[in-house]
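Remarks on the structure that follows.
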Amino acid sequence: MKKYIYIVSLLFIIYGCSSTNMSIAPINAYLKETVKTNDSIVIITNKINNNYTLDLWKERVNIKDANPDMRESIDENPRIYEEKYWNEINEKYRNKDTDSLWLRNSLWKQKEFKNFKVKWMTEKVFPKPYIYSEYIDKIPSRPTFSFSDPMIYKKKYAVFAASKTTTSRQFINIIYIVIMKKEKGKWIFVKEITDGAYY
């Protein structure tokens, strides 16, 4: 009986770790493409609300549809956005508890970014990184990122919000959407969509 309990417990741990790795895999693939060196990075512990991603993606599509002379697709060409699939992820991932941009009770953990050297800061503290003595002319400015949870779309895309800045800029509210696509078991970068312009 003890052996059975041990095996079941071990399977739960393995499954939990693998599901965590799978859910964060699109972000880790994006970071691997973005962070070109082994330098340490800063990650904001607070997650960005998925509502931002959902609303911005739909807003960008509506603007594009209202301006057909815009040359670029909102995502891929032909675009991957379809209303019925957007409705599905909206129902599944929308945060019904708060519309706040930063989630206070949903935080990233070190185990989710184990392939990177990470310094953690909360969203409230980040605009004041000088309170950490290591940022006062002792080291170069560090790349800083924040993310929402990835949302799986059409079973082969991942969509999430992100912000990319540095400790010297001390500003993290330039947020955009990242679209990743799974090809041959790997997550591939598709596009970034900002709240003001297309890339």
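Naming works like this for the structure tokens: A, B, ... for the chains as they're shown, residue 1 at the start of each chain, ligands 1 onward in shown order.
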- Query: Any idea what's packed within 12 Å of Lys114 (chain A), counting only C-alpha atoms, ignoring anything in its chain fewer than 2 positions away? Could you give it as a list in words?
  - Reply: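 Close residues of Lys114 (chain A): Cys17, Thr20, Asn21, Ile24, Ala25, Asn28, Leu31, Ser40, Trp108, Lys109, Gln110, Lys111, Glu112, Phe116, Lys117, Val118 and Lys119 of chain A.
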Written file, previous selection with N, CA, C and O atoms, as a PDB file, in the first residue's frame:
```pdb
ATOM      1  N   CYS A  17       4.825  18.989 -12.822  1.00  0.00           N
ATOM      2  CA  CYS A  17       5.996  19.669 -13.378  1.00  0.00           C
ATOM      3  C   CYS A  17       5.908  19.755 -14.891  1.00  0.00           C
ATOM      4  O   CYS A  17       6.202  20.788 -15.491  1.00  0.00           O
ATOM      5  N   THR A  20       3.287  22.261 -15.986  1.00  0.00           N
ATOM      6  CA  THR A  20       3.796  23.620 -15.790  1.00  0.00           C
ATOM      7  C   THR A  20       4.753  23.989 -16.905  1.00  0.00           C
ATOM      8  O   THR A  20       4.675  25.073 -17.481  1.00  0.00           O
ATOM      9  N   ASN A  21       5.677  23.076 -17.232  1.00  0.00           N
ATOM     10  CA  ASN A  21       6.640  23.336 -18.296  1.00  0.00           C
ATOM     11  C   ASN A  21       5.946  23.526 -19.634  1.00  0.00           C
ATOM     12  O   ASN A  21       6.353  24.357 -20.439  1.00  0.00           O
ATOM     13  N   ILE A  24       4.152  27.013 -19.806  1.00  0.00           N
ATOM     14  CA  ILE A  24       5.058  28.155 -19.888  1.00  0.00           C
ATOM     15  C   ILE A  24       5.997  28.063 -21.100  1.00  0.00           C
ATOM     16  O   ILE A  24       6.719  29.007 -21.412  1.00  0.00           O
ATOM     17  N   ALA A  25       5.964  26.950 -21.806  1.00  0.00           N
ATOM     18  CA  ALA A  25       6.885  26.703 -22.926  1.00  0.00           C
ATOM     19  C   ALA A  25       6.880  27.812 -23.984  1.00  0.00           C
ATOM     20  O   ALA A  25       7.956  28.200 -24.462  1.00  0.00           O
ATOM     21  N   ASN A  28       8.988  30.677 -22.581  1.00  0.00           N
ATOM     22  CA  ASN A  28      10.407  30.318 -22.529  1.00  0.00           C
ATOM     23  C   ASN A  28      11.030  30.330 -23.921  1.00  0.00           C
ATOM     24  O   ASN A  28      12.178  30.751 -24.100  1.00  0.00           O
ATOM     25  N   LEU A  31      11.537  33.962 -24.827  1.00  0.00           N
ATOM     26  CA  LEU A  31      12.694  34.514 -24.109  1.00  0.00           C
ATOM     27  C   LEU A  31      14.008  34.030 -24.700  1.00  0.00           C
ATOM     28  O   LEU A  31      14.970  34.780 -24.804  1.00  0.00           O
ATOM     29  N   SER A  40      21.872  37.775 -16.665  1.00  0.00           N
ATOM     30  CA  SER A  40      20.663  37.651 -15.865  1.00  0.00           C
ATOM     31  C   SER A  40      19.635  38.680 -16.326  1.00  0.00           C
ATOM     32  O   SER A  40      19.978  39.732 -16.866  1.00  0.00           O
ATOM     33  N   TRP A 108       4.430  34.778 -10.982  1.00  0.00           N
ATOM     34  CA  TRP A 108       5.350  33.821 -11.596  1.00  0.00           C
ATOM     35  C   TRP A 108       6.272  33.240 -10.541  1.00  0.00           C
ATOM     36  O   TRP A 108       6.566  33.890  -9.547  1.00  0.00           O
ATOM     37  N   LYS A 109       6.750  32.022 -10.792  1.00  0.00           N
ATOM     38  CA  LYS A 109       7.663  31.346  -9.862  1.00  0.00           C
ATOM     39  C   LYS A 109       8.957  30.988 -10.563  1.00  0.00           C
ATOM     40  O   LYS A 109       8.999  30.800 -11.780  1.00  0.00           O
ATOM     41  N   GLN A 110      10.020  30.862  -9.782  1.00  0.00           N
ATOM     42  CA  GLN A 110      11.346  30.557 -10.314  1.00  0.00           C
ATOM     43  C   GLN A 110      11.343  29.271 -11.144  1.00  0.00           C
ATOM     44  O   GLN A 110      11.973  29.205 -12.195  1.00  0.00           O
ATOM     45  N   LYS A 111      10.627  28.249 -10.695  1.00  0.00           N
ATOM     46  CA  LYS A 111      10.651  26.954 -11.397  1.00  0.00           C
ATOM     47  C   LYS A 111      10.121  27.070 -12.826  1.00  0.00           C
ATOM     48  O   LYS A 111      10.434  26.237 -13.672  1.00  0.00           O
ATOM     49  N   GLU A 112       9.333  28.112 -13.111  1.00  0.00           N
ATOM     50  CA  GLU A 112       8.783  28.277 -14.451  1.00  0.00           C
ATOM     51  C   GLU A 112       9.800  28.871 -15.421  1.00  0.00           C
ATOM     52  O   GLU A 112       9.627  28.789 -16.639  1.00  0.00           O
ATOM     53  N   PHE A 116      16.804  30.318 -17.038  1.00  0.00           N
ATOM     54  CA  PHE A 116      17.319  31.688 -17.079  1.00  0.00           C
ATOM     55  C   PHE A 116      17.753  32.128 -15.689  1.00  0.00           C
ATOM     56  O   PHE A 116      17.205  31.680 -14.686  1.00  0.00           O
ATOM     57  N   LYS A 117      18.736  33.030 -15.660  1.00  0.00           N
ATOM     58  CA  LYS A 117      19.144  33.636 -14.392  1.00  0.00           C
ATOM     59  C   LYS A 117      18.229  34.835 -14.155  1.00  0.00           C
ATOM     60  O   LYS A 117      18.333  35.839 -14.858  1.00  0.00           O
ATOM     61  N   VAL A 118      17.348  34.712 -13.172  1.00  0.00           N
ATOM     62  CA  VAL A 118      16.292  35.704 -12.996  1.00  0.00           C
ATOM     63  C   VAL A 118      16.414  36.420 -11.662  1.00  0.00           C
ATOM     64  O   VAL A 118      16.626  35.813 -10.621  1.00  0.00           O
ATOM     65  N   LYS A 119      16.275  37.738 -11.719  1.00  0.00           N
ATOM     66  CA  LYS A 119      16.085  38.571 -10.538  1.00  0.00           C
ATOM     67  C   LYS A 119      14.614  38.950 -10.529  1.00  0.00           C
ATOM     68  O   LYS A 119      14.063  39.367 -11.544  1.00  0.00           O
TER      69      LYS A 119
END
```
With only C-alpha atoms counted and 10 Å as the cut-off, give the residues of region 74-101 of chain A in contact with region 151-167 of chain A, each with its shortest interatomic distance in Å and the pair that gives it, as a Markdown table.
```
| residue | atom | partner | partner_atom | distance |
| --- | --- | --- | --- | --- |
| A:Ile80 | CA | A:Lys154 | CA | 8.7 |
| A:Tyr81 | CA | A:Tyr153 | CA | 9.2 |
| A:Glu82 | CA | A:Lys154 | CA | 9.6 |
| A:Tyr85 | CA | A:Lys154 | CA | 6.9 |
| A:Trp86 | CA | A:Tyr153 | CA | 7.9 |
| A:Glu88 | CA | A:Tyr153 | CA | 8.6 |
| A:Ile89 | CA | A:Tyr153 | CA | 6.8 |
| A:Asn90 | CA | A:Met151 | CA | 9.5 |
| A:Lys92 | CA | A:Met151 | CA | 8.9 |
| A:Tyr93 | CA | A:Met151 | CA | 7.0 |
| A:Arg94 | CA | A:Met151 | CA | 9.9 |
```
I need the residues from that last selection saved to file as a PDB file, in the first residue's frame (with N, CA and C atoms), if you can.
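Ended up saving to selection03.pdb:
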```pdb
ATOM      1  N   ILE A  80      -4.760  34.514 -38.491  1.00  0.00           N
ATOM      2  CA  ILE A  80      -5.259  33.384 -37.707  1.00  0.00           C
ATOM      3  C   ILE A  80      -6.481  33.755 -36.862  1.00  0.00           C
ATOM      4  N   TYR A  81      -6.686  35.061 -36.658  1.00  0.00           N
ATOM      5  CA  TYR A  81      -7.815  35.482 -35.830  1.00  0.00           C
ATOM      6  C   TYR A  81      -9.129  35.112 -36.499  1.00  0.00           C
ATOM      7  N   GLU A  82      -9.999  34.435 -35.741  1.00  0.00           N
ATOM      8  CA  GLU A  82     -11.372  34.173 -36.170  1.00  0.00           C
ATOM      9  C   GLU A  82     -12.268  34.382 -34.967  1.00  0.00           C
ATOM     10  N   TYR A  85     -13.237  31.426 -32.621  1.00  0.00           N
ATOM     11  CA  TYR A  85     -12.156  30.913 -31.781  1.00  0.00           C
ATOM     12  C   TYR A  85     -11.771  31.921 -30.709  1.00  0.00           C
ATOM     13  N   TRP A  86     -11.844  33.213 -31.065  1.00  0.00           N
ATOM     14  CA  TRP A  86     -11.605  34.253 -30.066  1.00  0.00           C
ATOM     15  C   TRP A  86     -12.641  34.139 -28.952  1.00  0.00           C
ATOM     16  N   GLU A  88     -14.085  31.490 -27.935  1.00  0.00           N
ATOM     17  CA  GLU A  88     -13.742  30.317 -27.116  1.00  0.00           C
ATOM     18  C   GLU A  88     -12.671  30.656 -26.078  1.00  0.00           C
ATOM     19  N   ILE A  89     -11.588  31.320 -26.526  1.00  0.00           N
ATOM     20  CA  ILE A  89     -10.538  31.634 -25.548  1.00  0.00           C
ATOM     21  C   ILE A  89     -10.990  32.737 -24.599  1.00  0.00           C
ATOM     22  N   ASN A  90     -11.850  33.627 -25.075  1.00  0.00           N
ATOM     23  CA  ASN A  90     -12.395  34.664 -24.202  1.00  0.00           C
ATOM     24  C   ASN A  90     -13.182  34.030 -23.057  1.00  0.00           C
ATOM     25  N   LYS A  92     -12.801  30.943 -21.945  1.00  0.00           N
ATOM     26  CA  LYS A  92     -11.920  30.095 -21.135  1.00  0.00           C
ATOM     27  C   LYS A  92     -10.943  30.889 -20.279  1.00  0.00           C
ATOM     28  N   TYR A  93     -10.383  31.963 -20.816  1.00  0.00           N
ATOM     29  CA  TYR A  93      -9.266  32.638 -20.153  1.00  0.00           C
ATOM     30  C   TYR A  93      -9.585  34.008 -19.544  1.00  0.00           C
ATOM     31  N   ARG A  94     -10.748  34.576 -19.857  1.00  0.00           N
ATOM     32  CA  ARG A  94     -11.030  35.922 -19.328  1.00  0.00           C
ATOM     33  C   ARG A  94     -11.075  35.894 -17.804  1.00  0.00           C
TER      34      ARG A  94
END
```
- DSSP on the backbone: what in region 31-65 of chain A comes out strand (DSSP E), as a ChimeraX atom specification? /A:41-44,46-48
